[in-house]
Every structure is written in C-alpha cells, then in structure tokens.
$ cat data_7.csv   # CSV, C-alpha atoms and all ligand atoms
chain,number,residue,atom,x,y,z
A,1,VAL,CA,42.1,250.0,-64.2
A,2,ALA,CA,41.0,251.2,-60.7
A,3,ALA,CA,44.7,251.8,-60.2
A,4,TRP,CA,44.6,254.3,-63.0
A,5,GLY,CA,41.6,256.1,-61.6
A,6,GLU,CA,43.4,256.4,-58.3
A,7,ARG,CA,46.5,257.7,-60.1
A,8,CYS,CA,44.5,260.4,-61.8
A,9,PHE,CA,42.2,261.6,-59.1
A,10,GLY,CA,42.5,259.5,-56.0
A,11,ALA,CA,44.8,258.4,-53.2
A,12,ALA,CA,47.6,257.7,-55.7
A,13,ARG,CA,47.4,261.1,-57.5
A,14,GLY,CA,50.7,262.1,-59.0
A,15,LEU,CA,52.6,259.2,-57.5
A,16,SER,CA,54.8,256.9,-59.7
A,17,ASP,CA,54.8,253.6,-57.7
A,18,VAL,CA,51.6,252.5,-56.1
A,19,LEU,CA,50.0,249.2,-55.1
A,20,LEU,CA,46.2,249.1,-54.9
A,21,VAL,CA,44.6,246.4,-52.9
A,22,PHE,CA,40.8,246.0,-52.9
A,23,VAL,CA,39.1,243.5,-50.7
A,24,GLY,CA,35.4,243.3,-51.5
A,25,THR,CA,33.5,240.3,-52.9
A,26,GLY,CA,36.9,239.2,-54.1
A,27,VAL,CA,40.5,240.4,-53.8
A,28,GLY,CA,41.7,242.7,-56.5
A,29,SER,CA,44.8,244.7,-57.0
A,30,GLY,CA,46.5,247.1,-59.4
A,31,LEU,CA,50.0,248.3,-59.9
A,32,ILE,CA,51.3,251.7,-61.0
A,33,LEU,CA,55.0,251.3,-61.7
A,34,GLY,CA,57.2,254.1,-63.0
A,35,GLY,CA,54.1,256.3,-63.4
A,36,ARG,CA,52.4,253.8,-65.7
A,37,LEU,CA,49.7,251.2,-65.2
A,38,HIS,CA,51.6,247.9,-65.1
A,39,GLU,CA,49.8,245.2,-67.1
A,40,GLY,CA,52.4,242.6,-67.6
A,41,ALA,CA,53.2,240.5,-70.6
A,42,ARG,CA,49.6,239.2,-71.1
A,43,GLY,CA,47.8,242.0,-69.3
A,44,VAL,CA,47.1,240.0,-66.2
A,45,ALA,CA,49.7,241.5,-63.8
A,46,GLY,CA,48.6,242.5,-60.3
A,47,GLU,CA,46.4,239.5,-59.5
A,48,LEU,CA,47.1,239.5,-55.8
A,49,GLY,CA,43.9,237.7,-55.2
A,50,HIS,CA,45.3,234.7,-57.0
A,51,VAL,CA,48.7,234.4,-55.4
A,52,GLN,CA,49.0,231.2,-53.4
A,53,ALA,CA,48.2,232.0,-49.7
A,54,ARG,CA,47.8,228.5,-48.4
A,55,PRO,CA,50.4,225.9,-49.5
A,56,PRO,CA,49.4,222.3,-48.7
A,57,GLY,CA,50.7,221.1,-45.4
A,58,PRO,CA,49.6,219.8,-42.0
A,59,GLY,CA,46.1,221.0,-41.1
A,60,TYR,CA,45.6,222.2,-44.7
A,61,ARG,CA,41.9,222.8,-45.5
A,62,PRO,CA,41.8,223.5,-49.2
A,63,ARG,CA,39.3,226.1,-50.5
A,64,ARG,CA,38.6,226.4,-54.1
A,65,CYS,CA,38.8,229.9,-55.7
A,66,GLY,CA,36.5,231.2,-58.3
A,67,CYS,CA,39.4,230.9,-60.8
A,68,GLY,CA,39.4,227.1,-60.4
A,69,ALA,CA,42.6,226.8,-58.4
A,70,THR,CA,42.8,226.0,-54.7
A,71,GLY,CA,44.8,228.0,-52.1
A,72,CYS,CA,44.4,231.5,-53.7
A,73,LEU,CA,44.4,234.5,-51.3
A,74,GLU,CA,40.9,235.3,-52.6
A,75,ALA,CA,39.6,231.9,-51.5
A,76,TYR,CA,40.4,232.8,-47.9
A,77,ALA,CA,40.2,236.6,-47.8
A,78,GLY,CA,37.6,237.6,-50.4
A,79,GLY,CA,34.2,238.7,-48.9
A,80,ALA,CA,32.1,236.0,-50.8
A,81,ASN,CA,34.4,233.3,-49.6
A,82,ILE,CA,34.6,234.6,-46.0
A,83,ALA,CA,30.8,234.6,-46.0
A,84,ALA,CA,30.7,231.1,-47.4
A,85,ARG,CA,33.1,229.8,-44.8
A,86,VAL,CA,31.3,231.5,-41.9
A,87,ARG,CA,28.0,230.0,-43.0
A,88,GLU,CA,29.5,226.5,-43.3
A,89,GLU,CA,31.1,226.7,-39.9
A,90,LEU,CA,28.1,228.1,-38.2
A,91,ALA,CA,25.9,225.5,-39.8
A,92,ALA,CA,28.4,222.8,-38.6
A,93,GLY,CA,28.0,224.1,-35.0
A,94,ALA,CA,30.7,226.8,-34.6
A,95,ARG,CA,29.8,228.9,-31.5
A,96,SER,CA,29.8,232.6,-32.2
A,97,SER,CA,27.7,235.6,-31.6
A,98,ILE,CA,27.8,236.1,-35.3
A,99,LEU,CA,24.7,233.8,-35.5
A,100,GLU,CA,22.8,236.1,-33.3
A,101,LEU,CA,23.9,239.1,-35.2
A,102,ALA,CA,22.7,237.5,-38.4
A,103,GLY,CA,19.2,237.1,-36.8
A,104,GLY,CA,19.8,233.4,-36.1
A,105,ASP,CA,20.1,232.6,-39.8
A,106,PRO,CA,23.6,231.3,-40.8
A,107,SER,CA,22.8,232.2,-44.5
A,108,ARG,CA,22.7,235.9,-43.6
A,109,ALA,CA,26.1,235.9,-41.9
A,110,GLY,CA,29.0,237.6,-43.6
A,111,PRO,CA,32.0,240.0,-43.1
A,112,VAL,CA,29.8,242.7,-41.6
A,113,GLU,CA,28.7,240.3,-38.8
A,114,VAL,CA,32.3,239.1,-38.3
A,115,GLU,CA,33.5,242.7,-37.8
A,116,MET,CA,30.6,243.4,-35.3
A,117,ALA,CA,31.4,240.2,-33.4
A,118,PHE,CA,35.1,241.1,-33.3
A,119,THR,CA,34.4,244.4,-31.6
A,120,LYS,CA,32.6,242.5,-28.9
A,121,GLY,CA,35.6,240.1,-28.4
A,122,ASP,CA,33.9,237.1,-29.9
A,123,GLN,CA,36.5,234.4,-30.0
A,124,TYR,CA,35.5,232.9,-33.3
A,125,ALA,CA,35.5,236.3,-35.0
A,126,VAL,CA,38.8,237.3,-33.5
A,127,ALA,CA,40.4,234.1,-34.7
A,128,LEU,CA,38.9,234.5,-38.2
A,129,TRP,CA,40.0,238.1,-38.6
A,130,GLU,CA,43.5,237.2,-37.3
A,131,GLU,CA,43.7,234.5,-39.9
A,132,VAL,CA,42.4,236.7,-42.7
A,133,ALA,CA,44.7,239.5,-41.7
A,134,ASP,CA,47.7,237.1,-41.6
A,135,LEU,CA,47.0,236.0,-45.2
A,136,LEU,CA,46.2,239.5,-46.6
A,137,GLY,CA,49.0,241.2,-44.6
A,138,THR,CA,51.6,238.6,-45.7
A,139,ALA,CA,50.6,239.0,-49.3
A,140,VAL,CA,50.6,242.8,-49.2
A,141,ALA,CA,53.9,242.9,-47.3
A,142,SER,CA,55.5,240.5,-49.8
A,143,ALA,CA,54.3,242.8,-52.7
A,144,VAL,CA,55.6,245.8,-50.9
A,145,THR,CA,59.0,244.2,-50.4
A,146,LEU,CA,59.1,243.0,-54.0
A,147,LEU,CA,57.9,246.3,-55.6
A,148,ASN,CA,58.9,249.1,-53.2
A,149,PRO,CA,55.9,251.2,-53.8
A,150,GLU,CA,55.6,254.7,-52.3
A,151,ARG,CA,52.0,254.1,-51.4
A,152,VAL,CA,49.6,251.3,-50.8
A,153,VAL,CA,46.0,252.2,-51.4
A,154,LEU,CA,43.4,250.1,-49.6
A,155,GLY,CA,39.8,249.8,-50.8
A,156,GLY,CA,36.9,247.5,-51.2
A,157,GLY,CA,33.8,247.1,-49.1
A,158,VAL,CA,35.1,244.4,-46.8
A,159,LEU,CA,38.3,246.2,-45.9
A,160,LEU,CA,36.8,249.7,-45.7
A,161,GLY,CA,33.7,248.3,-43.9
A,162,SER,CA,35.9,246.5,-41.3
A,163,PRO,CA,38.1,248.9,-39.5
A,164,CYS,CA,39.3,246.2,-37.1
A,165,LEU,CA,40.4,244.0,-39.9
A,166,GLU,CA,42.0,246.9,-41.7
A,167,ARG,CA,44.0,247.7,-38.5
A,168,LEU,CA,45.2,244.1,-38.3
A,169,VAL,CA,46.2,244.1,-41.9
A,170,ARG,CA,48.2,247.4,-41.5
A,171,ALA,CA,50.0,245.9,-38.5
A,172,ARG,CA,50.9,242.8,-40.4
A,173,VAL,CA,52.3,244.9,-43.3
A,174,ALA,CA,54.3,247.0,-40.9
A,175,ALA,CA,55.7,243.9,-39.2
A,176,LEU,CA,56.4,241.7,-42.3
A,177,ALA,CA,57.5,244.0,-45.2
A,178,SER,CA,61.3,244.7,-45.4
A,179,ARG,CA,62.5,247.6,-43.4
A,180,SER,CA,64.0,249.2,-46.5
A,181,ALA,CA,60.7,249.0,-48.4
A,182,LEU,CA,58.7,250.4,-45.4
A,183,ALA,CA,60.8,253.5,-45.2
A,184,GLY,CA,58.7,256.3,-46.7
A,185,LEU,CA,55.8,254.0,-47.5
A,186,SER,CA,52.3,255.4,-46.7
A,187,ILE,CA,49.2,253.3,-46.6
A,188,GLU,CA,46.0,255.2,-47.4
A,189,ARG,CA,42.3,254.4,-48.0
A,190,THR,CA,40.9,254.9,-51.4
A,191,ARG,CA,39.1,258.2,-52.0
A,192,LEU,CA,37.2,257.0,-55.1
A,193,GLY,CA,35.5,253.9,-53.7
A,194,ASP,CA,33.9,251.7,-56.3
A,195,ASP,CA,34.1,254.5,-58.9
A,196,ALA,CA,37.8,254.1,-59.3
A,197,GLY,CA,37.5,251.5,-62.0
A,198,VAL,CA,35.0,253.5,-64.0
A,199,ILE,CA,37.0,256.7,-63.8
A,200,GLY,CA,40.2,254.8,-64.6
A,201,ALA,CA,38.7,253.1,-67.6
A,202,ALA,CA,37.6,256.5,-68.9
A,203,LEU,CA,41.1,258.0,-68.5
A,204,LEU,CA,43.3,255.1,-69.6
A,205,PRO,CA,45.6,256.1,-72.4
A,206,ALA,CA,44.7,254.0,-75.5
B,301,ZN,ZN,42.2,232.1,-57.7

$ encode --input "data_7.csv" --output "structure tokens"
Amino acid sequence: VAAWGERCFGAARGLSDVLLVFVGTGVGSGLILGGRLHEGARGVAGELGHVQARPPGPGYRPRRCGCGATGCLEAYAGGANIAARVREELAAGARSSILELAGGDPSRAGPVEVEMAFTKGDQYAVALWEEVADLLGTAVASAVTLLNPERVVLGGGVLLGSPCLERLVRARVAALASRSALAGLSIERTRLGDDAGVIGAALLPA
C-alpha cells in the first residue's frame, strides 16, 4: 500500500516498475509492476522481510521471526530484532561502545546506537552493520535481478536513520545485482516517510 502512495506522490511517481524496501521495526516491501500494485495470487506478494536470509549451515544461529518462521530477513535486519540481538549480546558480555552510548543500560541499545558506534569505528558495530547490509543487500539485489525495476525506493526509520548502513546496502546492491538489471536502475530515498501507507490506502483503486 505504501508502494501505491509512492507511485502517486512520492519517489516512484509516474514509474511503472518499482521495488519499495522499508526497514523500520520490521522489514516491509512493495511492488509496482507494469504500473500496477502487484499483490500476488493471495494478496501477499512483496514480503521481502520473510524471504529466507539465513539457511541452516555451519555456524547457523537461528533467530525466530515475528511470523513464526526462523531465518527470515526480518529476524536479522528488522529494527526490533536488531535491538533484541544487540541487547542479548551486550548482556552476554560483548564489548562495544554501544553500551556507553545507551547510558550503560543494554535495554536501551538499538539501531541508533549501532549507527553512532559505527561512525566511531566500533568493531562490534562495524561487524553488525556489515552483516545486516550483507543480508539486506543480497535480498534487494536478488529482487532487482528477478524483477528488473527501474527504481528502488528505500524507506523506514532504521534505514533512513542510519546513513552508514544505507551506504553499505547500496554498495551490496550495486555489487550483487545482475549487470543487466542495474543498467538504468536508480535507488532513491522515500519522500513520503511513514505517510506513504496512509496516502497509498486513500488512493488505491478499489
Ligand atoms: Zn518471517
């Protein structure tokens, strides 16, 4: 629905093939294909947050997603899950300036503190953002290769509030999507913010 808001007023205005990726509390996405909101056979298309990002294998640390499955992109890259992981790891003794930035209280640490620590070269924060960017960037690059959109619109509080993470994600997409799908692709930030969904809902053709 946010995708339709963007199509009508925002960063996807007038375009016919657009992928929206929002990283906030969770990971959401939307698809405009052929100028229409793509909903899929059962209306659940575009759930990029629930594509499998972490197949079981050596060193696999399963994290359960809000949808009940394990290994979803959102379980590793959604803001709520990033915060939960950082809190667990700080409480378990991980060394990072994030703890100080959170006023010494692990329960107050989240993506904002990770971004701040990253800018100071904090090793824990750098490793975490590299990992999150790998997962987000791989998923977005795969979607770009599969769908060949003309634009990717990035949004959501975590992504827009973390310029370092955003830069890493953009670099992954540029490195991992197919050359042919990257030709002519632009990646832009949303212009509607959290209003995109509301505006889209009001404008959706019945
Ligand atoms: Zn899920």

$ closest_residue --input "data_7.csv" --among "A:Ala69, A:Leu160, A:Leu31, A:Ala83" --to "ligand ZN 301 (chain B)" --atoms "all atoms listed in the file"
A:Ala69

$ residues_near_ligand --input "data_7.csv" --ligand "ligand ZN 301 (chain B)" --cutoff "8 Å" --atoms "only C-alpha atoms and all ligand atoms" --output "PyMOL selection string"
chain A and resi 49-51+64-75

$ atom_distance --input "data_7.csv" --atom1 "atom CA of A:Ala177" --atom2 "atom CA of A:Ala139"
9.5 Å

$ closest_residue --input "data_7.csv" --among "A:Ala53, A:Ala41, A:Leu146, A:Val114" --to "A:Gly79" --atoms "only C-alpha atoms"
A:Val114

$ atom_distance --input "data_7.csv" --atom1 "atom CA of A:Leu90" --atom2 "atom CA of A:Ala125"
11.5 Å

$ atom_distance --input "data_7.csv" --atom1 "atom CA of A:Arg42" --atom2 "atom CA of A:Ala141"
24.5 Å

$ closest_residue --input "data_7.csv" --among "A:Asp134, A:Glu100, A:Glu113, A:Asp122" --to "A:Val86" --atoms "all atoms listed in the file"
A:Glu113

$ residues_around --input "data_7.csv" --residues "A:Asp17" --least-positions-apart "4" --cutoff "12 Å" --atoms "all atoms listed in the file" --output "PyMOL selection string"
chain A and resi 3-4+6-7+11-13+30-38+143-144+147-153+181+184-186

$ closest_residue --input "data_7.csv" --among "A:Arg179, A:Arg61, A:Arg170, A:Arg189" --to "A:Arg85" --atoms "only C-alpha atoms"
A:Arg61

$ closest_residue --input "data_7.csv" --among "A:Val140, A:Leu154, A:Leu15, A:Leu182" --to "A:Glu47" --atoms "only C-alpha atoms"
A:Val140

$ closest_residue --input "data_7.csv" --among "A:Leu165, A:Ile187, A:Val112, A:Ala171" --to "A:Glu131" --atoms "only C-alpha atoms"
A:Leu165
